[in-house]
Amino acid sequence: MTTYLLIAVSALVVAAGATPLARRAAGRLGFVDRPAARKLHSTAIPRLGGVAIYLAFIAALAAFGDRFYIRQLAGIFLGATLVSGLGLWDDRQSLAPLTKLAGQLAAAAILIASGVQVQALHQPALNVLVTVLWVVGITNAMNLLDNMDGLSAGVAATAATFFLLLAAMSRQYLVGMLAAGLLGACLGFLVYNVNPASIFMGDSGSLFLGFMLAAVGIKLRFPANVDFVTWMVPVLVLGVPIFDTTLVTVSRLRRRRNPLTTPGKDHTSHRLVALGYTQREAVLILCLISGACGLLATFVTQATTAEGYAVGALAALTGLVSLVWLESRVRRET
């Protein structure tokens with residue numbers, strides 16, 4: 001636990017110190033998010049915070065991480081650097097969606113080549129396919145979730161907290177180190193990103209967080225439990241970004257819009273604001289829901305198989321009912 005604490009604290013300190021520097025550099029380098037009809041902010045906001053998050057995470061792991069896992073760490077870092085770099089490029093000069101997708105597929109391939117892949121299925125080809133879908137899906141889900149001050153970083157910090165807890169409980173040191181680094185980096189950045197934010201993380205940050213959370217979810221395993229528990233735990237921990245992406249996808253397809261390239265105020269957070277909550281309250285609600293999902297995931301690791309299936313069914317039903325209600329009662333136009 002001492003190592004985890006050192007990693008988390010050092011990442012927090014570096015992120016808190018590097019974010020103001022990134023904020024100053026953003027204006028000079030042209031990394032600025034300007035107001036638009038579909039955006040919530042009314043003034044130009046720097047969006048180079050993802051660089052601070054990335055540097056804080058790397059620095060903390062380099063200083064206090066265990067070199068025993070060097071091959072898998074190298075694959076994870078290389079894949080994360082690729083998606084973050086593409087996000088940085090997109091923040092400066094918009095990239096075509098297919099270019100970003102190609103980069104994410106390449107990053108997923110790097111993960112698989114380094115030995116980080118789903119192993120819950122009994123067919124190697126299916127494991128590879130599910131790994132690619134999971135990595136690309138969660139990477140983009142965190143990117144889509146970055147639609148309100150403090151939301152993506154807050155949910156990522158909450159998810160990282162539970163990944164760290166679960167790793168400590170099951171003595172999975174690689175997962176614990178990665179989760180501790182993510183937690184500290186997100187908390188250090190949140191100091192400047194809580195509403196009203198003075199800096200955004202940009203795609204370089206949201207894609208990096210999504211990729212890292214996907215990789216951590218893959219590495220978290222429970223060999224003493226049935227395979228159902230292994231794949232269900234990360235799905236629950238990342239329930240908020242998965243739900244939000246599903247809601248947006250369903251909503252935009254119903255309106256015959258492209259779910260990935262059509263921006264709009266139709267995310268879960270926007271719908272909560274439409275119900276009368278402030279932006280801060282909407283973000284807090286989603287972080288609390290993320291925490292509840294993490295608690296359910298923790299319970300599943302200790303529950304019987306029947307109890308685990310019951311929790312999974314209840315969570316799925318709750319998500320479905322919430323999706324239908326939000327889509328039918330609180331529609332937001334793009």
# chains A, B, ... in the order shown; residues from 1 in each chain; ligands from 1
$ residues_around --residues "Phe211 (chain A)" --least-positions-apart "4" --cutoff "7 Å" --atoms "only C-alpha atoms" --output "ChimeraX atom specification"
/A:80,135,138-139,207,215
$ write_last_selection --atoms "N, CA and C atoms" --output "PDB file, in the first residue's frame"
ATOM      1  N   ALA A  80      -1.045   3.883 -24.911  1.00  0.00           N
ATOM      2  CA  ALA A  80      -1.616   5.107 -24.334  1.00  0.00           C
ATOM      3  C   ALA A  80      -1.003   6.346 -24.971  1.00  0.00           C
ATOM      4  N   VAL A 135     -11.385  -2.066 -25.720  1.00  0.00           N
ATOM      5  CA  VAL A 135     -10.433  -0.958 -25.693  1.00  0.00           C
ATOM      6  C   VAL A 135     -10.950   0.232 -26.505  1.00  0.00           C
ATOM      7  N   ILE A 138     -14.296   1.703 -24.664  1.00  0.00           N
ATOM      8  CA  ILE A 138     -14.086   2.483 -23.445  1.00  0.00           C
ATOM      9  C   ILE A 138     -13.277   3.747 -23.728  1.00  0.00           C
ATOM     10  N   THR A 139     -12.316   3.657 -24.639  1.00  0.00           N
ATOM     11  CA  THR A 139     -11.544   4.843 -25.014  1.00  0.00           C
ATOM     12  C   THR A 139     -12.462   5.941 -25.529  1.00  0.00           C
ATOM     13  N   LEU A 207      -8.992  10.582 -24.168  1.00  0.00           N
ATOM     14  CA  LEU A 207      -8.628   9.335 -24.853  1.00  0.00           C
ATOM     15  C   LEU A 207      -7.584   8.559 -24.050  1.00  0.00           C
ATOM     16  N   ALA A 215      -7.397  -0.762 -20.247  1.00  0.00           N
ATOM     17  CA  ALA A 215      -6.279  -1.677 -20.001  1.00  0.00           C
ATOM     18  C   ALA A 215      -6.306  -2.204 -18.565  1.00  0.00           C
TER      19      ALA A 215
END
$ closest_atom_pairs --of "region 107-198 of chain A" --to "region 287-297 of chain A" --cutoff "12 Å" --atoms "only C-alpha atoms" --output "JSON lines"
{"residue": "A:Leu145", "atom": "CA", "partner": "A:Cys287", "partner_atom": "CA", "distance": 11.7}
{"residue": "A:Gly150", "atom": "CA", "partner": "A:Cys287", "partner_atom": "CA", "distance": 9.7}
{"residue": "A:Leu151", "atom": "CA", "partner": "A:Cys287", "partner_atom": "CA", "distance": 7.6}
{"residue": "A:Ser152", "atom": "CA", "partner": "A:Cys287", "partner_atom": "CA", "distance": 9.3}
{"residue": "A:Ala153", "atom": "CA", "partner": "A:Cys287", "partner_atom": "CA", "distance": 9.7}
{"residue": "A:Gly154", "atom": "CA", "partner": "A:Cys287", "partner_atom": "CA", "distance": 6.3}
{"residue": "A:Val155", "atom": "CA", "partner": "A:Cys287", "partner_atom": "CA", "distance": 5.3}
{"residue": "A:Ala156", "atom": "CA", "partner": "A:Cys287", "partner_atom": "CA", "distance": 9.0}
{"residue": "A:Ala157", "atom": "CA", "partner": "A:Cys287", "partner_atom": "CA", "distance": 9.0}
{"residue": "A:Thr158", "atom": "CA", "partner": "A:Gly291", "partner_atom": "CA", "distance": 6.2}
{"residue": "A:Ala159", "atom": "CA", "partner": "A:Gly294", "partner_atom": "CA", "distance": 6.9}
{"residue": "A:Ala160", "atom": "CA", "partner": "A:Gly294", "partner_atom": "CA", "distance": 9.6}
{"residue": "A:Thr161", "atom": "CA", "partner": "A:Gly294", "partner_atom": "CA", "distance": 8.6}
{"residue": "A:Phe162", "atom": "CA", "partner": "A:Gly294", "partner_atom": "CA", "distance": 5.8}
{"residue": "A:Phe163", "atom": "CA", "partner": "A:Gly294", "partner_atom": "CA", "distance": 8.4}
{"residue": "A:Leu164", "atom": "CA", "partner": "A:Gly294", "partner_atom": "CA", "distance": 10.9}
{"residue": "A:Leu165", "atom": "CA", "partner": "A:Gly294", "partner_atom": "CA", "distance": 9.7}
{"residue": "A:Leu166", "atom": "CA", "partner": "A:Ala297", "partner_atom": "CA", "distance": 8.9}
$ residues_around --residues "Ala60 (chain A)" --least-positions-apart "5" --cutoff "12 Å" --atoms "only C-alpha atoms" --output "ChimeraX atom specification"
/A:3-15,53-55,65-66,177-185
$ select_by_dssp --residues "region 40-179 of chain A" --states "alpha helix (DSSP H)" --output "PyMOL selection string"
chain A and resi 49-64+70-92+97-113+124-145+151-170+173-179
$ atom_distance --atom1 "CA of Leu82 (chain A)" --atom2 "CA of Val237 (chain A)"
24.6 Å
$ residues_around --residues "Asp91 (chain A)" --least-positions-apart "4" --cutoff "9 Å" --atoms "only C-alpha atoms" --output "PDB file with C-alpha atoms, in the first residue's frame"
ATOM      1  CA  PHE A  31      -4.791  24.658 -28.035  1.00  0.00           C
ATOM      2  CA  VAL A  32      -7.921  26.639 -27.183  1.00  0.00           C
ATOM      3  CA  ASP A  33     -11.572  25.567 -27.105  1.00  0.00           C
ATOM      4  CA  ARG A  47      -7.442  22.503 -23.599  1.00  0.00           C
ATOM      5  CA  LEU A  48      -3.977  21.155 -22.958  1.00  0.00           C
ATOM      6  CA  LEU A  86      -3.653  11.455 -31.747  1.00  0.00           C
ATOM      7  CA  GLY A  87      -5.944  13.253 -29.326  1.00  0.00           C
ATOM      8  CA  LEU A  95      -8.580  14.626 -37.480  1.00  0.00           C
ATOM      9  CA  GLY A 202      -9.035  17.872 -24.404  1.00  0.00           C
ATOM     10  CA  ASP A 203      -9.031  14.686 -26.444  1.00  0.00           C
ATOM     11  CA  SER A 204      -5.419  14.037 -25.445  1.00  0.00           C
TER      12      SER A 204
END
$ atom_distance --atom1 "CA of Phe228 (chain A)" --atom2 "CA of Tyr309 (chain A)"
8.3 Å
$ decode --residues "region 165-187 of chain A" --atoms "N, CA and C atoms" --output "compact mmCIF listing (two decimals), in the first residue's frame"
# COMPACT_ATOMS: atom_id res chain seq x y z
N LEU A 165 -8.75 -0.27 -5.13
CA LEU A 165 -9.26 -1.04 -3.99
C LEU A 165 -9.32 -2.53 -4.33
N LEU A 166 -9.87 -2.86 -5.49
CA LEU A 166 -9.99 -4.26 -5.88
C LEU A 166 -8.63 -4.89 -6.10
N ALA A 167 -7.69 -4.12 -6.65
CA ALA A 167 -6.34 -4.64 -6.85
C ALA A 167 -5.65 -4.90 -5.52
N ALA A 168 -5.83 -4.00 -4.56
CA ALA A 168 -5.23 -4.18 -3.24
C ALA A 168 -5.82 -5.40 -2.54
N MET A 169 -7.12 -5.59 -2.68
CA MET A 169 -7.79 -6.73 -2.05
C MET A 169 -7.30 -8.06 -2.62
N SER A 170 -6.99 -8.08 -3.91
CA SER A 170 -6.59 -9.33 -4.56
C SER A 170 -5.09 -9.38 -4.87
N ARG A 171 -4.34 -8.38 -4.37
CA ARG A 171 -2.88 -8.33 -4.53
C ARG A 171 -2.45 -8.40 -5.99
N GLN A 172 -3.07 -7.58 -6.80
CA GLN A 172 -2.69 -7.46 -8.21
C GLN A 172 -1.92 -6.15 -8.37
N TYR A 173 -0.59 -6.25 -8.26
CA TYR A 173 0.25 -5.07 -8.11
C TYR A 173 0.28 -4.19 -9.36
N LEU A 174 0.30 -4.78 -10.54
CA LEU A 174 0.32 -3.97 -11.76
C LEU A 174 -0.95 -3.13 -11.86
N VAL A 175 -2.09 -3.74 -11.63
CA VAL A 175 -3.36 -3.01 -11.66
C VAL A 175 -3.36 -1.91 -10.61
N GLY A 176 -2.87 -2.22 -9.42
CA GLY A 176 -2.83 -1.24 -8.34
C GLY A 176 -1.97 -0.04 -8.68
N MET A 177 -0.80 -0.28 -9.28
CA MET A 177 0.09 0.82 -9.64
C MET A 177 -0.56 1.72 -10.70
N LEU A 178 -1.12 1.11 -11.72
CA LEU A 178 -1.75 1.89 -12.79
C LEU A 178 -2.94 2.69 -12.25
N ALA A 179 -3.77 2.05 -11.43
CA ALA A 179 -4.94 2.73 -10.88
C ALA A 179 -4.52 3.88 -9.96
N ALA A 180 -3.48 3.68 -9.15
CA ALA A 180 -3.00 4.73 -8.26
C ALA A 180 -2.50 5.93 -9.06
N GLY A 181 -1.78 5.68 -10.14
CA GLY A 181 -1.28 6.76 -10.99
C GLY A 181 -2.42 7.54 -11.63
N LEU A 182 -3.43 6.82 -12.12
CA LEU A 182 -4.59 7.49 -12.72
C LEU A 182 -5.35 8.32 -11.69
N LEU A 183 -5.53 7.77 -10.51
CA LEU A 183 -6.25 8.47 -9.45
C LEU A 183 -5.56 9.79 -9.10
N GLY A 184 -4.26 9.73 -8.85
CA GLY A 184 -3.53 10.94 -8.49
C GLY A 184 -3.53 11.98 -9.59
N ALA A 185 -3.32 11.54 -10.84
CA ALA A 185 -3.27 12.47 -11.96
C ALA A 185 -4.62 13.17 -12.15
N CYS A 186 -5.70 12.41 -12.02
CA CYS A 186 -7.04 13.00 -12.18
C CYS A 186 -7.35 13.99 -11.07
N LEU A 187 -7.00 13.65 -9.83
CA LEU A 187 -7.28 14.55 -8.71
C LEU A 187 -6.48 15.85 -8.83
